[in-house]
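File shown: query.tsv (TSV, N, CA and C atoms).
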chain	number	residue	atom	x	y	z
A	1	MET	N	93.40	114.80	101.52
A	1	MET	CA	93.32	113.69	102.44
A	1	MET	C	92.87	112.46	101.66
A	2	SER	N	93.19	111.28	102.12
A	2	SER	CA	92.71	110.05	101.50
A	2	SER	C	91.91	109.26	102.52
A	3	SER	N	91.14	108.31	102.03
A	3	SER	CA	90.34	107.47	102.92
A	3	SER	C	91.19	106.83	103.99
A	4	ALA	N	92.41	106.45	103.63
A	4	ALA	CA	93.29	105.75	104.57
A	4	ALA	C	93.79	106.65	105.68
A	5	GLN	N	93.65	107.97	105.55
A	5	GLN	CA	94.22	108.89	106.53
A	5	GLN	C	93.18	109.45	107.50
A	6	ARG	N	91.94	109.02	107.42
A	6	ARG	CA	90.92	109.50	108.34
A	6	ARG	C	91.05	108.75	109.66
A	7	ASP	N	90.79	109.43	110.76
A	7	ASP	CA	90.85	108.80	112.08
A	7	ASP	C	89.61	107.94	112.36
A	8	THR	N	88.47	108.37	111.85
A	8	THR	CA	87.24	107.64	112.15
A	8	THR	C	86.37	107.48	110.92
A	9	TYR	N	85.49	106.51	110.99
A	9	TYR	CA	84.49	106.28	109.95
A	9	TYR	C	83.63	107.54	109.78
A	10	ALA	N	83.29	108.17	110.88
A	10	ALA	CA	82.46	109.38	110.83
A	10	ALA	C	83.15	110.51	110.06
A	11	GLU	N	84.48	110.64	110.21
A	11	GLU	CA	85.22	111.66	109.46
A	11	GLU	C	85.18	111.36	107.96
A	12	LEU	N	85.34	110.10	107.60
A	12	LEU	CA	85.28	109.72	106.19
A	12	LEU	C	83.89	109.98	105.63
A	13	GLU	N	82.89	109.62	106.38
A	13	GLU	CA	81.51	109.84	105.97
A	13	GLU	C	81.22	111.33	105.76
A	14	ALA	N	81.68	112.16	106.69
A	14	ALA	CA	81.47	113.61	106.60
A	14	ALA	C	82.21	114.19	105.39
A	15	GLU	N	83.42	113.72	105.16
A	15	GLU	CA	84.17	114.25	104.01
A	15	GLU	C	83.52	113.83	102.70
A	16	PHE	N	83.07	112.58	102.61
A	16	PHE	CA	82.37	112.15	101.40
A	16	PHE	C	81.16	113.04	101.16
A	17	ASP	N	80.38	113.25	102.20
A	17	ASP	CA	79.17	114.07	102.07
A	17	ASP	C	79.52	115.49	101.63
A	18	ALA	N	80.63	116.03	102.12
A	18	ALA	CA	81.04	117.38	101.75
A	18	ALA	C	81.39	117.48	100.27
A	19	TYR	N	81.86	116.40	99.68
A	19	TYR	CA	82.27	116.39	98.27
A	19	TYR	C	81.26	115.67	97.37
A	20	SER	N	80.11	115.32	97.90
A	20	SER	CA	79.14	114.55	97.12
A	20	SER	C	78.63	115.31	95.90
A	21	GLY	N	78.56	116.62	95.97
A	21	GLY	CA	78.12	117.42	94.82
A	21	GLY	C	79.08	117.30	93.65
A	22	GLN	N	80.38	117.40	93.94
A	22	GLN	CA	81.39	117.26	92.89
A	22	GLN	C	81.37	115.83	92.31
A	23	ILE	N	81.26	114.86	93.19
A	23	ILE	CA	81.24	113.46	92.74
A	23	ILE	C	80.00	113.21	91.88
A	24	GLN	N	78.85	113.73	92.31
A	24	GLN	CA	77.63	113.56	91.52
A	24	GLN	C	77.77	114.20	90.14
A	25	ALA	N	78.38	115.37	90.07
A	25	ALA	CA	78.58	116.03	88.78
A	25	ALA	C	79.40	115.16	87.83
A	26	ALA	N	80.44	114.51	88.35
A	26	ALA	CA	81.25	113.61	87.51
A	26	ALA	C	80.45	112.37	87.13
A	27	LEU	N	79.67	111.84	88.05
A	27	LEU	CA	78.84	110.67	87.74
A	27	LEU	C	77.80	110.98	86.67
A	28	ASP	N	77.33	112.22	86.63
A	28	ASP	CA	76.36	112.62	85.61
A	28	ASP	C	76.94	112.50	84.21
A	29	GLU	N	78.26	112.54	84.09
A	29	GLU	CA	78.94	112.42	82.80
A	29	GLU	C	79.41	110.98	82.54
A	30	SER	N	79.04	110.07	83.41
A	30	SER	CA	79.51	108.69	83.35
A	30	SER	C	78.31	107.75	83.29
A	31	PHE	N	78.56	106.50	83.55
A	31	PHE	CA	77.47	105.54	83.58
A	31	PHE	C	77.81	104.39	84.53
A	32	GLY	N	76.79	103.68	84.96
A	32	GLY	CA	77.01	102.46	85.72
A	32	GLY	C	76.98	102.59	87.23
A	33	TYR	N	77.04	103.81	87.73
A	33	TYR	CA	77.07	104.00	89.18
A	33	TYR	C	76.15	105.15	89.57
A	34	GLU	N	75.56	105.02	90.73
A	34	GLU	CA	74.81	106.09	91.37
A	34	GLU	C	75.65	106.57	92.56
A	35	LEU	N	75.34	107.74	93.06
A	35	LEU	CA	76.09	108.30	94.19
A	35	LEU	C	76.07	107.35	95.39
A	36	ASP	N	74.94	106.73	95.66
A	36	ASP	CA	74.86	105.80	96.79
A	36	ASP	C	75.81	104.61	96.62
A	37	ASP	N	75.99	104.15	95.37
A	37	ASP	CA	76.94	103.05	95.12
A	37	ASP	C	78.35	103.49	95.49
A	38	ILE	N	78.72	104.68	95.05
A	38	ILE	CA	80.06	105.19	95.30
A	38	ILE	C	80.26	105.42	96.80
A	39	ARG	N	79.27	105.98	97.44
A	39	ARG	CA	79.36	106.22	98.90
A	39	ARG	C	79.62	104.92	99.64
A	40	SER	N	78.87	103.89	99.31
A	40	SER	CA	79.06	102.58	99.95
A	40	SER	C	80.45	102.03	99.69
A	41	MET	N	80.93	102.18	98.45
A	41	MET	CA	82.25	101.66	98.09
A	41	MET	C	83.37	102.39	98.82
A	42	VAL	N	83.21	103.70	99.02
A	42	VAL	CA	84.20	104.47	99.78
A	42	VAL	C	84.16	104.06	101.25
A	43	LEU	N	82.97	104.00	101.80
A	43	LEU	CA	82.84	103.72	103.23
A	43	LEU	C	83.26	102.30	103.60
A	44	ASN	N	83.15	101.36	102.64
A	44	ASN	CA	83.59	99.99	102.96
A	44	ASN	C	85.02	99.71	102.50
A	45	GLY	N	85.70	100.74	101.95
A	45	GLY	CA	87.11	100.60	101.63
A	45	GLY	C	87.43	100.11	100.23
A	46	GLU	N	86.42	99.88	99.40
A	46	GLU	CA	86.68	99.45	98.01
A	46	GLU	C	87.29	100.58	97.19
A	47	LEU	N	86.90	101.80	97.47
A	47	LEU	CA	87.43	102.99	96.80
A	47	LEU	C	88.06	103.89	97.85
A	48	GLN	N	89.09	104.62	97.43
A	48	GLN	CA	89.74	105.61	98.31
A	48	GLN	C	89.33	107.00	97.83
A	49	LEU	N	88.99	107.86	98.78
A	49	LEU	CA	88.59	109.24	98.50
A	49	LEU	C	89.78	110.16	98.76
A	50	TRP	N	90.12	110.98	97.76
A	50	TRP	CA	91.20	111.95	97.85
A	50	TRP	C	90.60	113.33	97.61
A	51	THR	N	90.94	114.30	98.45
A	51	THR	CA	90.36	115.63	98.29
A	51	THR	C	91.42	116.71	98.42
A	52	HIS	N	91.15	117.81	97.73
A	52	HIS	CA	92.00	119.00	97.81
A	52	HIS	C	91.16	120.18	97.32
A	53	ARG	N	91.01	121.16	98.15
A	53	ARG	CA	90.18	122.33	97.85
A	53	ARG	C	88.80	121.87	97.41
A	54	ASP	N	88.38	122.23	96.18
A	54	ASP	CA	87.06	121.84	95.68
A	54	ASP	C	87.11	120.61	94.79
A	55	THR	N	88.14	119.81	94.94
A	55	THR	CA	88.37	118.68	94.06
A	55	THR	C	88.31	117.37	94.82
A	56	ALA	N	87.74	116.37	94.18
A	56	ALA	CA	87.69	115.02	94.75
A	56	ALA	C	88.13	114.02	93.68
A	57	ALA	N	88.84	113.01	94.12
A	57	ALA	CA	89.22	111.90	93.24
A	57	ALA	C	88.95	110.61	93.98
A	58	LEU	N	88.63	109.59	93.22
A	58	LEU	CA	88.40	108.26	93.78
A	58	LEU	C	89.36	107.30	93.10
A	59	THR	N	89.99	106.45	93.89
A	59	THR	CA	90.88	105.44	93.34
A	59	THR	C	90.45	104.07	93.83
A	60	GLU	N	90.94	103.06	93.11
A	60	GLU	CA	90.73	101.68	93.51
A	60	GLU	C	92.02	100.92	93.24
A	61	VAL	N	92.34	100.00	94.12
A	61	VAL	CA	93.52	99.17	93.93
A	61	VAL	C	93.07	97.90	93.23
A	62	ILE	N	93.72	97.60	92.11
A	62	ILE	CA	93.38	96.42	91.33
A	62	ILE	C	94.55	95.44	91.40
A	63	THR	N	94.25	94.22	91.81
A	63	THR	CA	95.27	93.19	91.89
A	63	THR	C	95.12	92.27	90.69
A	64	TYR	N	96.17	92.21	89.89
A	64	TYR	CA	96.24	91.32	88.74
A	64	TYR	C	97.04	90.09	89.14
A	65	PRO	N	97.06	89.04	88.31
A	65	PRO	CA	97.81	87.85	88.69
A	65	PRO	C	99.30	88.10	88.98
A	66	ARG	N	99.91	89.08	88.29
A	66	ARG	CA	101.35	89.28	88.44
A	66	ARG	C	101.76	90.68	88.90
A	67	THR	N	100.77	91.53	89.16
A	67	THR	CA	101.11	92.88	89.61
A	67	THR	C	99.89	93.52	90.26
A	68	ARG	N	100.08	94.70	90.74
A	68	ARG	CA	99.00	95.47	91.36
A	68	ARG	C	99.10	96.89	90.82
A	69	ALA	N	97.95	97.52	90.60
A	69	ALA	CA	97.92	98.90	90.10
A	69	ALA	C	96.87	99.69	90.86
A	70	ILE	N	97.05	100.99	90.90
A	70	ILE	CA	96.00	101.86	91.42
A	70	ILE	C	95.35	102.53	90.23
A	71	ASN	N	94.05	102.48	90.19
A	71	ASN	CA	93.28	103.05	89.09
A	71	ASN	C	92.56	104.30	89.59
A	72	VAL	N	92.75	105.40	88.87
A	72	VAL	CA	92.01	106.62	89.19
A	72	VAL	C	90.63	106.44	88.57
A	73	PHE	N	89.68	106.19	89.41
A	73	PHE	CA	88.34	105.78	89.04
A	73	PHE	C	87.48	106.97	88.61
A	74	LEU	N	87.64	108.10	89.29
A	74	LEU	CA	86.82	109.27	89.02
A	74	LEU	C	87.55	110.50	89.54
A	75	VAL	N	87.45	111.59	88.79
A	75	VAL	CA	88.04	112.86	89.21
A	75	VAL	C	87.01	113.96	88.97
A	76	ALA	N	86.86	114.84	89.93
A	76	ALA	CA	85.92	115.95	89.80
A	76	ALA	C	86.54	117.20	90.39
A	77	GLY	N	86.69	118.22	89.57
A	77	GLY	CA	87.25	119.47	90.07
A	77	GLY	C	88.11	120.16	89.05
A	78	LYS	N	88.89	121.10	89.51
A	78	LYS	CA	89.77	121.88	88.64
A	78	LYS	C	91.02	121.09	88.30
A	79	MET	N	91.47	121.22	87.07
A	79	MET	CA	92.61	120.44	86.57
A	79	MET	C	93.83	120.56	87.48
A	80	GLY	N	94.22	121.77	87.86
A	80	GLY	CA	95.40	121.95	88.69
A	80	GLY	C	95.28	121.26	90.04
A	81	ASP	N	94.10	121.35	90.64
A	81	ASP	CA	93.88	120.69	91.93
A	81	ASP	C	93.87	119.17	91.77
A	82	CYS	N	93.30	118.71	90.67
A	82	CYS	CA	93.31	117.27	90.39
A	82	CYS	C	94.73	116.76	90.28
A	83	LEU	N	95.54	117.46	89.52
A	83	LEU	CA	96.93	117.03	89.32
A	83	LEU	C	97.74	117.10	90.61
A	84	SER	N	97.37	118.03	91.51
A	84	SER	CA	98.10	118.14	92.77
A	84	SER	C	97.86	116.94	93.69
A	85	LEU	N	96.83	116.17	93.41
A	85	LEU	CA	96.56	114.95	94.19
A	85	LEU	C	97.48	113.79	93.81
A	86	LEU	N	98.04	113.85	92.61
A	86	LEU	CA	98.82	112.72	92.11
A	86	LEU	C	99.98	112.28	93.00
A	87	PRO	N	100.80	113.17	93.52
A	87	PRO	CA	101.90	112.70	94.37
A	87	PRO	C	101.42	111.90	95.58
A	88	ARG	N	100.34	112.32	96.20
A	88	ARG	CA	99.80	111.58	97.35
A	88	ARG	C	99.26	110.21	96.92
A	89	ILE	N	98.56	110.19	95.79
A	89	ILE	CA	98.03	108.92	95.28
A	89	ILE	C	99.18	107.99	94.91
A	90	GLU	N	100.20	108.52	94.25
A	90	GLU	CA	101.35	107.69	93.86
A	90	GLU	C	102.08	107.15	95.09
A	91	ASN	N	102.23	107.96	96.12
A	91	ASN	CA	102.88	107.50	97.34
A	91	ASN	C	102.07	106.38	98.00
A	92	PHE	N	100.78	106.57	98.10
A	92	PHE	CA	99.89	105.55	98.66
A	92	PHE	C	100.00	104.25	97.87
A	93	ALA	N	99.99	104.36	96.54
A	93	ALA	CA	100.08	103.18	95.68
A	93	ALA	C	101.41	102.46	95.87
A	94	THR	N	102.49	103.21	95.99
A	94	THR	CA	103.81	102.62	96.18
A	94	THR	C	103.87	101.85	97.50
A	95	VAL	N	103.32	102.43	98.55
A	95	VAL	CA	103.30	101.77	99.85
A	95	VAL	C	102.53	100.44	99.76
A	96	LEU	N	101.49	100.40	98.93
A	96	LEU	CA	100.70	99.19	98.77
A	96	LEU	C	101.32	98.19	97.78
A	97	GLY	N	102.46	98.55	97.20
A	97	GLY	CA	103.12	97.64	96.27
A	97	GLY	C	102.61	97.71	94.85
A	98	CYS	N	101.94	98.80	94.50
A	98	CYS	CA	101.46	98.95	93.12
A	98	CYS	C	102.62	99.29	92.20
A	99	SER	N	102.57	98.76	90.99
A	99	SER	CA	103.63	99.02	90.02
A	99	SER	C	103.19	100.01	88.95
A	100	ALA	N	101.93	100.44	88.98
A	100	ALA	CA	101.44	101.36	87.95
A	100	ALA	C	100.24	102.14	88.49
A	101	ILE	N	99.98	103.26	87.81
A	101	ILE	CA	98.77	104.04	88.05
A	101	ILE	C	98.06	104.15	86.72
A	102	THR	N	96.77	103.87	86.71
A	102	THR	CA	95.99	103.88	85.48
A	102	THR	C	94.77	104.77	85.65
A	103	GLY	N	94.12	105.06	84.56
A	103	GLY	CA	92.88	105.82	84.59
A	103	GLY	C	92.37	106.04	83.19
A	104	ILE	N	91.13	106.39	83.09
A	104	ILE	CA	90.51	106.73	81.81
A	104	ILE	C	89.93	108.12	81.98
A	105	GLY	N	90.18	108.98	81.01
A	105	GLY	CA	89.67	110.34	81.12
A	105	GLY	C	89.42	110.97	79.77
A	106	ARG	N	88.92	112.17	79.81
A	106	ARG	CA	88.66	112.91	78.58
A	106	ARG	C	89.97	113.33	77.90
A	107	LYS	N	89.87	113.64	76.64
A	107	LYS	CA	91.03	114.01	75.83
A	107	LYS	C	91.81	115.19	76.43
A	108	GLY	N	91.14	116.08	77.15
A	108	GLY	CA	91.79	117.23	77.75
A	108	GLY	C	92.88	116.88	78.76
A	109	TRP	N	92.84	115.66	79.28
A	109	TRP	CA	93.85	115.21	80.23
A	109	TRP	C	95.18	114.86	79.55
A	110	GLU	N	95.12	114.54	78.27
A	110	GLU	CA	96.27	113.97	77.57
A	110	GLU	C	97.56	114.76	77.73
A	111	GLY	N	97.54	116.03	77.41
A	111	GLY	CA	98.76	116.84	77.50
A	111	GLY	C	99.29	116.96	78.92
A	112	HIS	N	98.40	117.14	79.85
A	112	HIS	CA	98.81	117.26	81.26
A	112	HIS	C	99.45	115.98	81.76
A	113	LEU	N	98.87	114.85	81.39
A	113	LEU	CA	99.39	113.57	81.88
A	113	LEU	C	100.69	113.18	81.19
A	114	LYS	N	100.82	113.49	79.91
A	114	LYS	CA	102.08	113.21	79.22
A	114	LYS	C	103.22	113.97	79.88
A	115	ASP	N	102.96	115.21	80.28
A	115	ASP	CA	103.98	116.03	80.93
A	115	ASP	C	104.42	115.43	82.26
A	116	LEU	N	103.57	114.57	82.85
A	116	LEU	CA	103.88	113.94	84.14
A	116	LEU	C	104.40	112.51	83.99
A	117	GLY	N	104.71	112.13	82.73
A	117	GLY	CA	105.31	110.82	82.49
A	117	GLY	C	104.34	109.70	82.18
A	118	PHE	N	103.07	110.03	82.00
A	118	PHE	CA	102.09	108.99	81.66
A	118	PHE	C	102.16	108.65	80.19
A	119	GLU	N	101.97	107.39	79.86
A	119	GLU	CA	101.76	106.96	78.48
A	119	GLU	C	100.27	107.06	78.23
A	120	VAL	N	99.89	107.77	77.20
A	120	VAL	CA	98.48	107.93	76.91
A	120	VAL	C	98.11	106.92	75.83
A	121	GLU	N	97.15	106.06	76.18
A	121	GLU	CA	96.68	105.04	75.27
A	121	GLU	C	95.22	105.28	74.96
A	122	SER	N	94.69	104.56	74.00
A	122	SER	CA	93.29	104.73	73.62
A	122	SER	C	92.38	103.86	74.47
A	123	SER	N	91.16	104.32	74.61
A	123	SER	CA	90.12	103.56	75.27
A	123	SER	C	88.87	103.71	74.43
A	124	TYR	N	88.11	102.65	74.34
A	124	TYR	CA	86.90	102.69	73.53
A	124	TYR	C	85.72	102.22	74.34
A	125	MET	N	84.54	102.75	74.00
A	125	MET	CA	83.32	102.33	74.65
A	125	MET	C	82.18	102.42	73.67
A	126	LYS	N	81.31	101.44	73.71
A	126	LYS	CA	80.07	101.47	72.94
A	126	LYS	C	78.97	101.04	73.88
A	127	GLU	N	77.96	101.86	74.00
A	127	GLU	CA	76.83	101.52	74.85
A	127	GLU	C	75.96	100.51	74.12
A	128	LEU	N	75.65	99.42	74.79
A	128	LEU	CA	74.80	98.38	74.19
A	128	LEU	C	73.38	98.51	74.70
A	129	ARG	N	72.46	98.28	73.84
A	129	ARG	CA	71.06	98.40	74.23
A	129	ARG	C	70.34	97.10	74.08

Represent the supplied structure as structure tokens.
Amino acid sequence: MSSAQRDTYAELEAEFDAYSGQIQAALDESFGYELDDIRSMVLNGELQLWTHRDTAALTEVITYPRTRAINVFLVAGKMGDCLSLLPRIENFATVLGCSAITGIGRKGWEGHLKDLGFEVESSYMKELR
């Protein structure tokens, strides 16, 4: 299910809470956000929540000056279940007029994503103190 497909705010809130453990586990491997930040962003529509079995993904729509893209912001769960969310996310993005899907992930995603037609590019990060 995605945030856009819930009938009520309460349903979205309940689903987020049901997947908060998985989301927190992914946030523990990341930086810059706390679970409460993500919860607020999902509930106010800045992020979309996608779920399947024990897997959760978060997306955000980014509008650039000349195009729009959907960015896979966070993924938590089993690889196969994560990949099974892609057709729904791509359909949602197409309906919104997105011309691309982007994301940053661990090296283990590379082979799976290449098989699905993704171009795998490099990303760099340095923590500043």

field: Distance criterion (all atoms listed in the file): nearest to Phe16 in chain A out of A:Gly80, A:Glu34, A:Val95, A:Arg39
entry: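 For Phe16 in chain A, the nearest of the given residues is A:Arg39.
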
task: Can you work out the spacing between CA of Phe31 in chain A and CA of Asp115 in chain A in Å, to one decimal?
output: 28.6 Å

Coordinates-based distance that separates atom N of Thr63 in chain A from atom N of Gly111 in chain A (Å, one decimal):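 Separation of atom N of Gly111 in chain A and atom N of Thr63 in chain A: 26.3 Å.
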
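When DSSP reads the backbone of this structure, the residues of range 6-118 of chain A it assigns to strand (DSSP E) are Gln48, Leu49, Trp50, Thr51, His52, Thr55, Ala56, Ala57, Leu58, Thr59, Glu60, Val61, Ile62, Thr63, Arg68, Ala69, Ile70, Asn71, Val72, Phe73, Leu74, Val75, Ala76, Ala100, Ile101, Thr102 and Gly103 of chain A.
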
field: Å distance separating CA of Glu127 in chain A from CA of Asn71 in chain A, one decimal place
entry: 21.8 Å
